[in-house]
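As stored in upload_22.cif (mmCIF, C-alpha atoms):
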```cif
data_start
loop_
_atom_site.label_atom_id
_atom_site.label_comp_id
_atom_site.auth_asym_id
_atom_site.auth_seq_id
_atom_site.Cartn_x
_atom_site.Cartn_y
_atom_site.Cartn_z
CA MET X 1206 57.99 103.39 -62.31
CA SER X 1207 58.73 103.40 -66.02
CA PHE X 1208 59.95 100.46 -68.04
CA VAL X 1209 63.62 101.37 -68.59
CA PRO X 1210 64.60 101.63 -64.91
CA THR X 1211 62.79 98.34 -64.26
CA LEU X 1212 64.51 96.67 -67.20
CA LEU X 1213 67.94 98.00 -66.26
CA PHE X 1214 67.42 97.00 -62.63
CA SER X 1215 66.41 93.47 -63.68
CA LEU X 1216 69.30 93.12 -66.07
CA THR X 1217 71.73 94.37 -63.45
CA HIS X 1218 70.63 91.69 -61.07
CA LEU X 1219 71.11 89.11 -63.80
CA ARG X 1220 74.60 90.54 -64.38
CA LEU X 1221 73.81 90.96 -68.06
CA LEU X 1222 73.87 94.73 -68.08
CA SER X 1223 77.66 94.83 -67.94
CA ILE X 1224 77.80 93.16 -71.35
CA ILE X 1225 74.81 94.89 -72.99
CA PRO X 1226 75.52 98.54 -73.83
CA LEU X 1227 72.76 100.99 -72.97
CA SER X 1228 72.66 102.15 -76.59
CA LEU X 1229 71.83 98.62 -77.72
CA LEU X 1230 68.77 98.58 -75.46
CA ILE X 1231 67.75 101.99 -76.78
CA SER X 1232 68.44 101.25 -80.45
CA SER X 1233 66.61 97.92 -80.30
CA GLY X 1234 63.40 99.84 -79.63
CA THR X 1235 62.85 98.04 -76.34
CA ILE X 1236 62.67 101.32 -74.46
CA SER X 1237 60.43 103.26 -76.80
CA GLY X 1238 58.09 100.30 -77.38
CA HIS X 1239 57.29 99.97 -73.71
CA PHE X 1240 57.34 103.68 -72.84
CA ALA X 1241 53.71 104.19 -73.87
CA GLN X 1242 52.62 101.16 -71.84
CA ALA X 1243 54.42 102.48 -68.74
CA ALA X 1244 52.91 105.93 -69.22
CA GLU X 1245 49.44 104.42 -69.53
CA GLU X 1246 49.97 102.38 -66.34
CA ASN X 1247 51.16 105.49 -64.47
CA SER X 1248 48.14 107.53 -65.57
CA SER X 1249 45.72 104.95 -64.15
CA HIS X 1250 47.03 105.32 -60.57
CA THR X 1251 45.07 107.35 -58.04
CA HIS X 1252 46.69 110.57 -56.88
CA SER X 1253 48.20 110.60 -53.39
CA SER X 1254 48.84 113.83 -51.50
CA GLU X 1255 52.51 113.55 -52.54
CA GLU X 1256 51.53 113.30 -56.22
CA VAL X 1257 49.20 116.28 -55.89
CA SER X 1258 52.07 118.35 -54.46
CA LEU X 1259 54.16 117.43 -57.50
CA THR X 1260 51.75 119.28 -59.73
CA ARG X 1261 52.94 122.49 -58.08
CA THR X 1262 56.63 121.96 -58.80
CA SER X 1263 58.55 122.80 -61.93
CA GLY X 1264 61.31 120.27 -61.35
CA LEU X 1265 64.82 120.81 -60.09
CA ALA X 1266 66.45 124.19 -59.56
CA ASN X 1267 69.08 125.44 -62.00
CA GLY X 1268 72.38 123.63 -61.47
CA VAL X 1269 74.36 120.48 -62.21
CA TYR X 1270 73.21 117.12 -60.84
CA LEU X 1271 74.51 113.59 -60.50
CA TYR X 1272 72.13 110.71 -59.77
CA GLY X 1273 72.75 106.99 -59.68
CA ARG X 1274 70.93 103.72 -59.18
CA SER X 1275 73.55 103.05 -56.52
CA PRO X 1276 74.07 105.46 -53.62
CA GLU X 1277 77.81 105.16 -54.32
CA PRO X 1278 79.47 106.71 -57.41
CA GLU X 1279 81.24 104.62 -60.04
CA THR X 1280 79.70 101.26 -59.04
CA MET X 1281 80.23 98.80 -61.90
CA GLY X 1282 77.03 97.66 -63.58
CA GLN X 1283 74.99 100.61 -62.25
CA GLU X 1284 73.33 103.37 -64.25
CA TYR X 1285 74.10 107.05 -63.61
CA LEU X 1286 72.77 110.36 -64.90
CA VAL X 1287 74.76 113.56 -65.00
CA PHE X 1288 72.92 116.63 -66.21
CA LYS X 1289 72.55 120.38 -66.14
CA VAL X 1290 69.24 122.14 -65.48
CA GLN X 1291 68.78 125.66 -66.80
CA LYS X 1292 65.38 127.38 -66.83
CA GLY X 1293 63.50 124.07 -66.75
CA GLU X 1294 65.52 122.59 -69.61
CA VAL X 1295 67.71 119.52 -69.03
CA ILE X 1296 70.85 118.43 -70.92
CA GLY X 1297 73.04 115.54 -69.87
CA ALA X 1298 73.87 111.87 -70.23
CA PHE X 1299 73.07 108.37 -69.03
CA TYR X 1300 76.17 106.28 -68.47
CA MET X 1301 77.61 103.23 -66.80
CA PRO X 1302 81.15 103.22 -65.41
CA ARG X 1303 83.75 102.20 -67.99
CA SER X 1304 81.16 102.11 -70.75
CA GLU X 1305 79.75 104.41 -73.39
CA PHE X 1306 77.26 107.14 -72.62
CA ASN X 1307 74.09 108.46 -74.23
CA CYS X 1308 73.37 112.19 -74.35
CA PHE X 1309 69.87 113.46 -73.72
CA SER X 1310 67.92 116.69 -73.59
CA GLY X 1311 64.49 117.45 -72.28
CA SER X 1312 62.29 119.39 -69.93
CA PHE X 1313 60.18 119.07 -66.81
CA ASP X 1314 56.46 118.84 -66.58
CA SER X 1315 54.57 118.71 -63.30
CA ARG X 1316 55.27 115.02 -62.65
CA GLN X 1317 58.35 113.94 -64.60
CA ILE X 1318 61.37 114.78 -66.69
CA ASN X 1319 60.64 114.14 -70.36
CA LEU X 1320 63.86 113.22 -72.13
CA SER X 1321 64.95 112.61 -75.68
CA ILE X 1322 67.91 110.20 -75.65
CA VAL X 1323 70.27 110.16 -78.63
CA ASP X 1324 71.70 106.85 -79.78
CA PRO X 1325 75.42 107.55 -80.35
CA HIS X 1326 75.65 105.06 -83.22
CA ASP X 1327 72.88 106.25 -85.52
CA GLY X 1328 71.71 109.55 -83.99
CA ILE X 1329 68.12 108.35 -83.60
CA LYS X 1330 66.27 109.95 -80.68
CA TYR X 1331 64.17 107.93 -78.23
CA ASP X 1332 61.67 109.36 -75.76
CA TYR X 1333 62.03 108.45 -72.09
CA ALA X 1334 60.59 109.84 -68.85
CA ILE X 1335 61.66 109.70 -65.21
CA SER X 1336 59.07 110.40 -62.52
CA LEU X 1337 59.71 113.17 -60.04
CA GLN X 1338 59.29 112.43 -56.37
CA VAL X 1339 58.93 114.83 -53.46
CA VAL X 1340 60.93 113.80 -50.41
CA SER X 1341 59.63 115.41 -47.26
CA PRO X 1342 62.08 116.76 -44.67
CA VAL X 1343 60.70 114.23 -42.14
CA ALA X 1344 61.73 111.34 -44.39
CA THR X 1345 65.27 112.68 -44.68
CA ASN X 1346 65.72 113.79 -41.05
CA SER X 1347 66.30 117.29 -42.34
CA ARG X 1348 64.95 120.70 -41.41
CA ARG X 1349 64.98 121.75 -45.06
CA SER X 1350 61.82 122.15 -47.11
CA SER X 1351 60.61 119.32 -49.33
CA GLU X 1352 63.06 118.26 -52.01
CA VAL X 1353 62.28 117.11 -55.55
CA THR X 1354 64.27 114.06 -56.62
CA LEU X 1355 64.20 111.39 -59.35
CA GLU X 1356 62.24 108.22 -58.65
CA GLY X 1357 64.51 105.19 -58.44
CA TYR X 1358 67.75 107.19 -58.22
CA HIS X 1359 69.99 108.43 -55.41
CA ARG X 1360 71.29 112.00 -55.54
CA LEU X 1361 75.07 111.94 -55.36
CA GLY X 1362 77.56 114.61 -54.36
CA ALA X 1363 80.16 116.42 -56.42
CA LEU X 1364 80.93 115.41 -59.99
CA SER X 1365 84.12 113.50 -60.69
CA ASP X 1366 86.40 114.58 -63.53
CA ASN X 1367 84.85 111.81 -65.64
CA ASP X 1368 81.29 112.98 -64.84
CA GLN X 1369 82.25 116.50 -65.92
CA ARG X 1370 83.89 115.19 -69.12
CA ILE X 1371 80.71 113.26 -70.03
CA LEU X 1372 78.49 116.26 -69.28
CA ASP X 1373 80.72 118.60 -71.29
CA ALA X 1374 80.52 116.25 -74.29
CA CYS X 1375 76.72 116.55 -74.27
CA LEU X 1376 76.42 120.31 -73.69
CA PRO X 1377 76.22 122.49 -76.78
CA SER X 1378 79.45 124.31 -77.55
CA ASN X 1379 79.29 128.07 -77.10
#
```

As structure tokens, please, write out the structure in this file.
Amino acid sequence: MSFVPTLLFSLTHLRLLSIIPLSLLISSGTISGHFAQAAEENSSHTHSSEEVSLTRTSGLANGVYLYGRSPEPETMGQEYLVFKVQKGEVIGAFYMPRSEFNCFSGSFDSRQINLSIVDPHDGIKYDYAISLQVVSPVATNSRRSSEVTLEGYHRLGALSDNDQRILDACLPSN
């Protein structure tokens, strides 16, 4: 698991996250400074059969997605991602309910989504990655084929009007 989700999870449990904007964590360099360390730790792990199967995936199918740290939408103090996938490219935003949001863009590789997050205050971009995880149909009590999901996040249903507004703000205008 990479540093940012761990940090945000820890801060949430300390109830500090509701007073520290996500952009402050990003702009302070905390995220980018520890990203390399987390990547190095992840590369030293042995490969399980699940990880090997990830090398054969190209990420999520084209579409719009909503993921959250909480399995329920709009939970105060929880982090959410709303994004659009088109031909392996990702555009979207990280946000917390009733707070600011940070747009990102990126792409998939065989094991993760590689994102570039834009700080809304100074426009500086920070690299961040979220591991992909294959959920087998047995684990989900489903007859569907294996599903690719984001490690540490719950896939949520339909976008709210606010989710769509945030996503639209990050998508390039046509």

Legend entry - Residue neighbourhood range 1364-1379 of chain X, 7 Å, only C-alpha atoms, exclusion window fewer than 4 positions, as a list in words: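 Here the answer would be Leu1271, Val1287, Phe1288, Ile1296, Gly1297, Ala1298 and Cys1308 of chain X.
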
Inset, instruction - Would you kindly return, as a ChimeraX atom specification, each protein, DNA or RNA residue with an atom no farther than 9 Å from any atom of Thr1354 in chain X, considering all atoms listed in the file and excluding same-chain residues fewer than 3 positions away? - result: /X:1264-1265,1336-1340,1358-1360

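For the pair CA of Pro1325 in chain X and CA of Arg1274 in chain X, the separation is 22.0 Å.
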
Legend entry - Two-atom distance - CA of Ile1329 in chain X, CA of Tyr1285 in chain X (Å):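 Spanning CA of Ile1329 in chain X to CA of Tyr1285 in chain X is a straight-line distance of 20.9 Å.
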
Legend entry - Selected residue, from X:Pro1278, X:Gly1273, X:Gly1357, X:Gly1268, that lies nearest to Glu1294 in chain X when counting all atoms listed in the file: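 Under the stated criterion, the closest residue is X:Gly1268.
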
Inset, instruction - Rank nothing, just name the residue among X:Asp1327, X:Pro1276, X:Val1269, X:Pro1302 nearest to Lys1289 in chain X, using only C-alpha atoms. - result: X:Val1269

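The two atoms in question, CA of Phe1313 in chain X and CA of Glu1356 in chain X, are spaced 13.7 Å apart.
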
Legend entry - From X:Ile1335, X:Leu1361, X:Met1301, X:Ile1322, residue lying nearest Thr1280 in chain X [only C-alpha atoms]: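 Answer, going by the shortest atom-to-atom distance: X:Met1301.
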
Legend entry - Cut-off 9 Å around (58.1, 112.3, -77.4) with only C-alpha atoms: residues as a PyMOL selection string: chain X and resi 1319-1321+1331-1333

Give me a file of those residues, with C-alpha atoms, as a PDB file, keeping the file's coordinate frame.
```pdb
ATOM      1  CA  ASN X1319      60.640 114.140 -70.360  1.00  0.00           C
ATOM      2  CA  LEU X1320      63.860 113.220 -72.130  1.00  0.00           C
ATOM      3  CA  SER X1321      64.950 112.610 -75.680  1.00  0.00           C
ATOM      4  CA  TYR X1331      64.170 107.930 -78.230  1.00  0.00           C
ATOM      5  CA  ASP X1332      61.670 109.360 -75.760  1.00  0.00           C
ATOM      6  CA  TYR X1333      62.030 108.450 -72.090  1.00  0.00           C
TER       7      TYR X1333
END
```

Legend entry - Pick from X:Asp1324, X:Gly1362, X:Glu1284, X:Lys1330, whichever lies nearest to Tyr1270 in chain X using only C-alpha atoms: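 Selected residue with least distance to Tyr1270 in chain X: X:Gly1362.
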
Let me have the centre and edge lengths of the axis-aligned box enclosing all listed atoms of range 1374-1379 of chain X with 6 Å padding on every side, in Å to one decimal, as lines of an AutoDock Vina configuration file.
```
center_x = 78.4
center_y = 122.2
center_z = -75.6
size_x = 16.3
size_y = 23.8
size_z = 15.9
```
